[in-house]
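Right, one structure below, let's go through it.
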Amino acid sequence: MAVTEIAPRSGTAFTLRAGQVLRVIDPCGMQVSDLLAYAMADIREVISAGRTFDYEETIRLSTGNRLWSNRSNPMLSIIEDATGLHDFLLTPCSEATFRHFYPDLPVYRGCFGNLAAALEPFGIAPDDIPVAFNIFMNVPVDGLSGRISVQPPLSKPGDFIRLRAEMDLIIGLTACSAPASTGGSFKPIHYEVEAA
């Protein structure tokens, strides 16, 4: 499959078969991409931050780690990672996010709205959207207070992550819309699916 572009502040959804590899690329640098995964066999089985942290025993997920479902099944394995820095703590940005954090900016539907629209044809409703795996997102956690902050991504132009599907999946993927997550600018995300 050729490289596909996700336009700034938009999202898409597609199927990924077991054994196929998804390569998510930051073509310009400093851009976040929210990723969701649902089991094709039953969309009630969905990517889970809590299960992933539990089984991987870390909140810093990179090469060699797996992303798990709410039913304790591995969904995706990270097989190559150019940055090694991603977030799995924060929920996709939404209209409510913009009202809360950016009261002086126009309200935008954000990654949540973009994912909801892209996933609707697969029968996935907005209430079925969990915490996303936020590729390239930089969310430092203070070791003493536990306080988090959203900082500009450290990804450079051309950085990528490769994830192998461990089951047949429906994938949601965005080019993030939140100013803090993207260093204040909005850029595209590229992706390609490698054959199994």
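All residue names refer to the structure tokens as shown: chains lettered A, B, ... in order, residues numbered from 1 in each chain, ligands numbered from 1 in order.
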
**OP:** Skip Arg164 (chain A) itself and residues of its chain fewer than 6 positions away, then list as a PyMOL selection string all residues within 9 Å of it, counting only C-alpha atoms.
**Re:** chain A and resi 18-23+75-79+196

Subject >> Residues near Arg9 (chain A), cut-off 10 Å, only C-alpha atoms, skip fewer than 5 positions along chain, as a list in words >> reply: Ser33, Tyr108, Arg109, Gly110, Cys111, Asn114, Thr174, Ala175, Cys176, Ser177, Ala178, Phe186, Lys187, Pro188 and Ile189 of chain A

Same residues, C-alpha atoms, saved as a PDB file, in the first residue's frame:
ATOM      1  CA  SER A  33      -1.434  11.043  15.934  1.00  0.00           C
ATOM      2  CA  TYR A 108     -13.044  22.521  17.333  1.00  0.00           C
ATOM      3  CA  ARG A 109     -14.320  18.936  17.369  1.00  0.00           C
ATOM      4  CA  GLY A 110     -10.774  17.660  17.864  1.00  0.00           C
ATOM      5  CA  CYS A 111      -9.501  14.108  17.564  1.00  0.00           C
ATOM      6  CA  ASN A 114     -12.696  13.171  13.935  1.00  0.00           C
ATOM      7  CA  THR A 174      -5.751  11.144  13.374  1.00  0.00           C
ATOM      8  CA  ALA A 175      -3.542  14.125  12.807  1.00  0.00           C
ATOM      9  CA  CYS A 176      -4.072  15.805  16.196  1.00  0.00           C
ATOM     10  CA  SER A 177      -5.899  19.100  16.563  1.00  0.00           C
ATOM     11  CA  ALA A 178      -4.850  20.329  20.030  1.00  0.00           C
ATOM     12  CA  PHE A 186      -1.080  21.632  12.777  1.00  0.00           C
ATOM     13  CA  LYS A 187       0.558  19.308  10.296  1.00  0.00           C
ATOM     14  CA  PRO A 188      -0.347  16.093   8.450  1.00  0.00           C
ATOM     15  CA  ILE A 189       0.334  12.507   9.441  1.00  0.00           C
TER      16      ILE A 189
END

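Considering only region 103-158 of chain A, backbone DSSP assigns alpha helix (DSSP H) to Gly110, Cys111, Phe112, Gly113, Asn114, Leu115, Ala116, Ala117, Ala118 and Leu119 of chain A.
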
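Distances here use only C-alpha atoms; by that measure, the residue among A:Ala49, A:Gly29, A:Ala7, A:Gly146 closest to Leu89 (chain A) is A:Ala49.
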
**OP:** Pick out the residues sitting within 12 Å of region 117-127 of chain A, and hand them over as a PyMOL selection string; count only C-alpha atoms, and ignore anything fewer than 3 positions along from it in its own chain.
**Re:** chain A and resi 6+10-15+35-46+92+94+109-114+130-131+169-174

Give me a file of those residues, with C-alpha atoms, as a short mmCIF file (atom, residue, chain, number, x, y, z; two decimals), in the first residue's frame.
data_model
loop_
_atom_site.label_atom_id
_atom_site.label_comp_id
_atom_site.auth_asym_id
_atom_site.auth_seq_id
_atom_site.Cartn_x
_atom_site.Cartn_y
_atom_site.Cartn_z
CA ILE A 6 -4.14 12.37 6.92
CA SER A 10 -8.59 15.29 10.54
CA GLY A 11 -8.88 11.53 10.97
CA THR A 12 -9.56 8.25 9.20
CA ALA A 13 -10.44 4.63 9.91
CA PHE A 14 -9.52 1.42 8.09
CA THR A 15 -9.05 -2.31 8.63
CA LEU A 35 -4.56 5.70 17.42
CA LEU A 36 -7.51 3.49 18.37
CA ALA A 37 -7.93 -0.24 17.73
CA TYR A 38 -11.05 -2.42 17.86
CA ALA A 39 -11.32 -6.16 17.27
CA MET A 40 -12.94 -6.75 13.91
CA ALA A 41 -14.70 -9.83 15.29
CA ASP A 42 -16.37 -7.84 18.10
CA ILE A 43 -16.03 -4.06 18.37
CA ARG A 44 -16.70 -4.26 22.11
CA GLU A 45 -13.10 -5.49 22.38
CA VAL A 46 -11.05 -2.32 22.28
CA PRO A 92 -8.56 12.36 22.57
CA SER A 94 -12.67 17.20 21.91
CA ARG A 109 -14.32 18.94 17.37
CA GLY A 110 -10.77 17.66 17.86
CA CYS A 111 -9.50 14.11 17.56
CA PHE A 112 -12.55 12.77 19.39
CA GLY A 113 -14.92 14.22 16.82
CA ASN A 114 -12.70 13.17 13.94
CA PRO A 130 -11.56 5.02 24.91
CA VAL A 131 -8.22 6.62 25.73
CA LEU A 169 -8.50 -4.86 13.66
CA ILE A 170 -10.41 -1.69 12.88
CA ILE A 171 -7.99 1.22 13.28
CA GLY A 172 -8.83 4.88 13.93
CA LEU A 173 -6.02 7.35 13.27
CA THR A 174 -5.75 11.14 13.37
#

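For the choices A:Ala180, A:Val193, A:Val32, A:Val24, the atom-to-atom distance to Pro8 (chain A) is smallest for A:Val32 when using only C-alpha atoms.
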
Got a sec to tell me which of chain A DSSP assigns to strand (DSSP E or B), as a JSON list (two decimals) with N, CA and C atoms, in the first residue's frame?
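Result went into part.json, see below:
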[["chain", "number", "residue", "atom", "x", "y", "z"],
["A", 4, "THR", "N", -0.37, 7.07, 2.67],
["A", 4, "THR", "CA", -1.60, 7.87, 2.66],
["A", 4, "THR", "C", -1.42, 9.03, 3.62],
["A", 5, "GLU", "N", -1.92, 10.19, 3.24],
["A", 5, "GLU", "CA", -1.82, 11.37, 4.11],
["A", 5, "GLU", "C", -3.13, 11.62, 4.83],
["A", 6, "ILE", "N", -3.02, 11.86, 6.13],
["A", 6, "ILE", "CA", -4.14, 12.37, 6.92],
["A", 6, "ILE", "C", -3.93, 13.87, 7.03],
["A", 11, "GLY", "N", -9.09, 12.91, 10.57],
["A", 11, "GLY", "CA", -8.88, 11.53, 10.97],
["A", 11, "GLY", "C", -9.43, 10.57, 9.94],
["A", 12, "THR", "N", -9.11, 9.29, 10.12],
["A", 12, "THR", "CA", -9.56, 8.25, 9.20],
["A", 12, "THR", "C", -9.72, 6.95, 9.97],
["A", 13, "ALA", "N", -10.32, 5.97, 9.33],
["A", 13, "ALA", "CA", -10.44, 4.63, 9.91],
["A", 13, "ALA", "C", -10.32, 3.62, 8.78],
["A", 14, "PHE", "N", -9.76, 2.45, 9.10],
["A", 14, "PHE", "CA", -9.52, 1.42, 8.09],
["A", 14, "PHE", "C", -9.30, 0.10, 8.81],
["A", 15, "THR", "N", -9.29, -1.00, 8.04],
["A", 15, "THR", "CA", -9.05, -2.31, 8.63],
["A", 15, "THR", "C", -7.57, -2.67, 8.51],
["A", 16, "LEU", "N", -7.12, -3.45, 9.47],
["A", 16, "LEU", "CA", -5.74, -3.94, 9.51],
["A", 16, "LEU", "C", -5.81, -5.42, 9.88],
["A", 21, "VAL", "N", 1.49, -4.80, 9.09],
["A", 21, "VAL", "CA", 2.22, -3.81, 9.89],
["A", 21, "VAL", "C", 1.75, -2.41, 9.49],
["A", 22, "LEU", "N", 1.38, -1.63, 10.47],
["A", 22, "LEU", "CA", 1.00, -0.24, 10.28],
["A", 22, "LEU", "C", 2.20, 0.64, 10.60],
["A", 23, "ARG", "N", 2.59, 1.45, 9.64],
["A", 23, "ARG", "CA", 3.68, 2.40, 9.83],
["A", 23, "ARG", "C", 3.07, 3.80, 9.88],
["A", 24, "VAL", "N", 3.21, 4.47, 11.01],
["A", 24, "VAL", "CA", 2.70, 5.83, 11.19],
["A", 24, "VAL", "C", 3.90, 6.77, 11.17],
["A", 25, "ILE", "N", 3.85, 7.77, 10.29],
["A", 25, "ILE", "CA", 4.99, 8.63, 10.01],
["A", 25, "ILE", "C", 4.64, 10.08, 10.33],
["A", 26, "ASP", "N", 5.56, 10.78, 10.94],
["A", 26, "ASP", "CA", 5.44, 12.22, 11.17],
["A", 26, "ASP", "C", 6.28, 12.92, 10.09],
["A", 33, "SER", "N", -0.39, 11.83, 16.59],
["A", 33, "SER", "CA", -1.43, 11.04, 15.93],
["A", 33, "SER", "C", -2.09, 10.15, 16.98],
["A", 34, "ASP", "N", -3.41, 10.30, 17.15],
["A", 34, "ASP", "CA", -4.17, 9.44, 18.07],
["A", 34, "ASP", "C", -4.54, 8.15, 17.36],
["A", 35, "LEU", "N", -4.26, 7.01, 18.00],
["A", 35, "LEU", "CA", -4.56, 5.70, 17.42],
["A", 35, "LEU", "C", -5.54, 4.95, 18.31],
["A", 36, "LEU", "N", -6.57, 4.40, 17.71],
["A", 36, "LEU", "CA", -7.51, 3.49, 18.37],
["A", 36, "LEU", "C", -7.52, 2.17, 17.63],
["A", 37, "ALA", "N", -7.82, 1.09, 18.34],
["A", 37, "ALA", "CA", -7.93, -0.24, 17.73],
["A", 37, "ALA", "C", -9.12, -0.98, 18.34],
["A", 38, "TYR", "N", -9.90, -1.60, 17.47],
["A", 38, "TYR", "CA", -11.05, -2.42, 17.86],
["A", 38, "TYR", "C", -10.91, -3.78, 17.20],
["A", 39, "ALA", "N", -11.32, -4.83, 17.88],
["A", 39, "ALA", "CA", -11.32, -6.16, 17.27],
["A", 39, "ALA", "C", -12.38, -6.21, 16.19],
["A", 42, "ASP", "N", -15.44, -8.36, 17.08],
["A", 42, "ASP", "CA", -16.37, -7.84, 18.10],
["A", 42, "ASP", "C", -15.86, -6.48, 18.54],
["A", 43, "ILE", "N", -16.52, -5.41, 18.09],
["A", 43, "ILE", "CA", -16.03, -4.06, 18.37],
["A", 43, "ILE", "C", -16.10, -3.69, 19.84],
["A", 44, "ARG", "N", -16.72, -4.53, 20.67],
["A", 44, "ARG", "CA", -16.70, -4.26, 22.11],
["A", 44, "ARG", "C", -15.33, -4.58, 22.70],
["A", 45, "GLU", "N", -14.48, -5.29, 21.95],
["A", 45, "GLU", "CA", -13.10, -5.49, 22.38],
["A", 45, "GLU", "C", -12.27, -4.36, 21.80],
["A", 46, "VAL", "N", -11.66, -3.58, 22.68],
["A", 46, "VAL", "CA", -11.05, -2.32, 22.28],
["A", 46, "VAL", "C", -9.73, -2.12, 23.01],
["A", 47, "ILE", "N", -8.87, -1.33, 22.44],
["A", 47, "ILE", "CA", -7.57, -1.03, 23.04],
["A", 47, "ILE", "C", -7.76, -0.46, 24.45],
["A", 66, "ARG", "N", 3.69, -4.38, 23.75],
["A", 66, "ARG", "CA", 2.44, -4.67, 23.07],
["A", 66, "ARG", "C", 1.34, -3.77, 23.63],
["A", 67, "LEU", "N", 0.34, -3.50, 22.81],
["A", 67, "LEU", "CA", -0.85, -2.76, 23.22],
["A", 67, "LEU", "C", -1.98, -3.77, 23.36],
["A", 68, "TRP", "N", -2.60, -3.80, 24.54],
["A", 68, "TRP", "CA", -3.56, -4.84, 24.90],
["A", 68, "TRP", "C", -4.99, -4.34, 24.84],
["A", 69, "SER", "N", -5.92, -5.30, 24.75],
["A", 69, "SER", "CA", -7.34, -4.98, 24.73],
["A", 69, "SER", "C", -7.94, -5.04, 26.12],
["A", 74, "PRO", "N", -3.46, -9.30, 23.30],
["A", 74, "PRO", "CA", -2.60, -8.35, 22.59],
["A", 74, "PRO", "C", -3.21, -7.97, 21.25],
["A", 75, "MET", "N", -3.24, -6.68, 20.97],
["A", 75, "MET", "CA", -3.82, -6.18, 19.72],
["A", 75, "MET", "C", -2.74, -5.76, 18.72],
["A", 76, "LEU", "N", -1.73, -5.05, 19.23],
["A", 76, "LEU", "CA", -0.67, -4.52, 18.38],
["A", 76, "LEU", "C", 0.66, -4.70, 19.10],
["A", 77, "SER", "N", 1.70, -5.03, 18.34],
["A", 77, "SER", "CA", 3.07, -5.10, 18.88],
["A", 77, "SER", "C", 3.90, -4.01, 18.23],
["A", 78, "ILE", "N", 4.61, -3.24, 19.05],
["A", 78, "ILE", "CA", 5.50, -2.20, 18.52],
["A", 78, "ILE", "C", 6.80, -2.88, 18.10],
["A", 79, "ILE", "N", 7.07, -2.90, 16.80],
["A", 79, "ILE", "CA", 8.24, -3.62, 16.31],
["A", 79, "ILE", "C", 9.39, -2.69, 15.91],
["A", 80, "GLU", "N", 9.10, -1.40, 15.75],
["A", 80, "GLU", "CA", 10.16, -0.42, 15.45],
["A", 80, "GLU", "C", 9.64, 0.95, 15.84],
["A", 81, "ASP", "N", 10.51, 1.77, 16.41],
["A", 81, "ASP", "CA", 10.07, 3.05, 16.96],
["A", 81, "ASP", "C", 11.22, 4.04, 16.92],
["A", 87, "ASP", "N", 2.26, 8.79, 24.34],
["A", 87, "ASP", "CA", 1.41, 8.94, 25.51],
["A", 87, "ASP", "C", 0.24, 7.98, 25.43],
["A", 133, "PHE", "N", -3.97, 5.65, 22.06],
["A", 133, "PHE", "CA", -2.52, 5.61, 22.09],
["A", 133, "PHE", "C", -2.04, 6.79, 21.26],
["A", 134, "ASN", "N", -1.49, 7.80, 21.94],
["A", 134, "ASN", "CA", -1.16, 9.08, 21.32],
["A", 134, "ASN", "C", 0.29, 9.05, 20.82],
["A", 135, "ILE", "N", 0.43, 8.70, 19.56],
["A", 135, "ILE", "CA", 1.75, 8.52, 18.95],
["A", 135, "ILE", "C", 2.47, 9.86, 18.87],
["A", 138, "ASN", "N", 4.11, 14.04, 23.82],
["A", 138, "ASN", "CA", 5.08, 14.23, 24.88],
["A", 138, "ASN", "C", 4.36, 14.70, 26.14],
["A", 141, "VAL", "N", 5.61, 13.14, 33.23],
["A", 141, "VAL", "CA", 4.96, 12.89, 34.51],
["A", 141, "VAL", "C", 5.96, 13.18, 35.62],
["A", 148, "ILE", "N", 1.02, 15.94, 35.54],
["A", 148, "ILE", "CA", 1.36, 15.78, 34.14],
["A", 148, "ILE", "C", 1.30, 17.14, 33.44],
["A", 151, "GLN", "N", 3.65, 18.76, 26.53],
["A", 151, "GLN", "CA", 4.76, 19.51, 25.94],
["A", 151, "GLN", "C", 4.82, 19.24, 24.44],
["A", 159, "ASP", "N", 10.25, 10.76, 11.34],
["A", 159, "ASP", "CA", 10.17, 9.77, 12.41],
["A", 159, "ASP", "C", 8.91, 8.92, 12.24],
["A", 160, "PHE", "N", 8.99, 7.68, 12.73],
["A", 160, "PHE", "CA", 7.88, 6.75, 12.50],
["A", 160, "PHE", "C", 7.82, 5.73, 13.63],
["A", 161, "ILE", "N", 6.71, 5.03, 13.67],
["A", 161, "ILE", "CA", 6.53, 3.87, 14.53],
["A", 161, "ILE", "C", 5.88, 2.78, 13.67],
["A", 162, "ARG", "N", 6.28, 1.53, 13.88],
["A", 162, "ARG", "CA", 5.70, 0.40, 13.15],
["A", 162, "ARG", "C", 5.04, -0.54, 14.17],
["A", 163, "LEU", "N", 3.79, -0.87, 13.90],
["A", 163, "LEU", "CA", 3.00, -1.71, 14.80],
["A", 163, "LEU", "C", 2.43, -2.88, 14.02],
["A", 164, "ARG", "N", 2.65, -4.09, 14.52],
["A", 164, "ARG", "CA", 2.13, -5.29, 13.87],
["A", 164, "ARG", "C", 0.80, -5.69, 14.51],
["A", 165, "ALA", "N", -0.19, -5.94, 13.67],
["A", 165, "ALA", "CA", -1.50, -6.37, 14.17],
["A", 165, "ALA", "C", -1.43, -7.81, 14.65],
["A", 169, "LEU", "N", -8.17, -6.07, 12.93],
["A", 169, "LEU", "CA", -8.50, -4.86, 13.66],
["A", 169, "LEU", "C", -9.21, -3.82, 12.78],
["A", 170, "ILE", "N", -9.96, -2.96, 13.43],
["A", 170, "ILE", "CA", -10.41, -1.69, 12.88],
["A", 170, "ILE", "C", -9.56, -0.62, 13.56],
["A", 171, "ILE", "N", -8.90, 0.20, 12.76],
["A", 171, "ILE", "CA", -7.99, 1.22, 13.28],
["A", 171, "ILE", "C", -8.60, 2.60, 13.06],
["A", 172, "GLY", "N", -8.55, 3.46, 14.07],
["A", 172, "GLY", "CA", -8.83, 4.88, 13.93],
["A", 172, "GLY", "C", -7.53, 5.63, 14.10],
["A", 173, "LEU", "N", -7.30, 6.64, 13.26],
["A", 173, "LEU", "CA", -6.02, 7.35, 13.27],
["A", 173, "LEU", "C", -6.24, 8.81, 12.91],
["A", 174, "THR", "N", -5.55, 9.71, 13.61],
["A", 174, "THR", "CA", -5.75, 11.14, 13.37],
["A", 174, "THR", "C", -4.43, 11.88, 13.15],
["A", 189, "ILE", "N", -0.26, 13.80, 9.06],
["A", 189, "ILE", "CA", 0.33, 12.51, 9.44],
["A", 189, "ILE", "C", 0.27, 11.61, 8.21],
["A", 190, "HIS", "N", 1.30, 10.83, 8.01],
["A", 190, "HIS", "CA", 1.30, 9.83, 6.94],
["A", 190, "HIS", "C", 1.22, 8.44, 7.56],
["A", 191, "TYR", "N", 0.64, 7.51, 6.81],
["A", 191, "TYR", "CA", 0.65, 6.12, 7.25],
["A", 191, "TYR", "C", 0.68, 5.20, 6.04],
["A", 192, "GLU", "N", 1.16, 3.99, 6.26],
["A", 192, "GLU", "CA", 1.08, 2.96, 5.23],
["A", 192, "GLU", "C", 0.90, 1.61, 5.91],
["A", 193, "VAL", "N", 0.30, 0.69, 5.19],
["A", 193, "VAL", "CA", 0.09, -0.67, 5.68],
["A", 193, "VAL", "C", 1.00, -1.59, 4.88],
["A", 194, "GLU", "N", 1.88, -2.29, 5.61],
["A", 194, "GLU", "CA", 2.80, -3.24, 4.99],
["A", 194, "GLU", "C", 2.16, -4.62, 4.98]]

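Minimum atom-to-atom distances from A:Pro179, A:Pro27, A:Gly84, A:Pro106 to Pro157 (chain A) were compared using only C-alpha atoms, and the lowest value belongs to A:Pro27.
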
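Interatomic distance, CA of Glu56 (chain A) to CA of Leu154 (chain A): 23.0 Å.
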
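With CA of Leu90 (chain A) on one side and CA of Met167 (chain A) on the other, the separation reads 24.6 Å.
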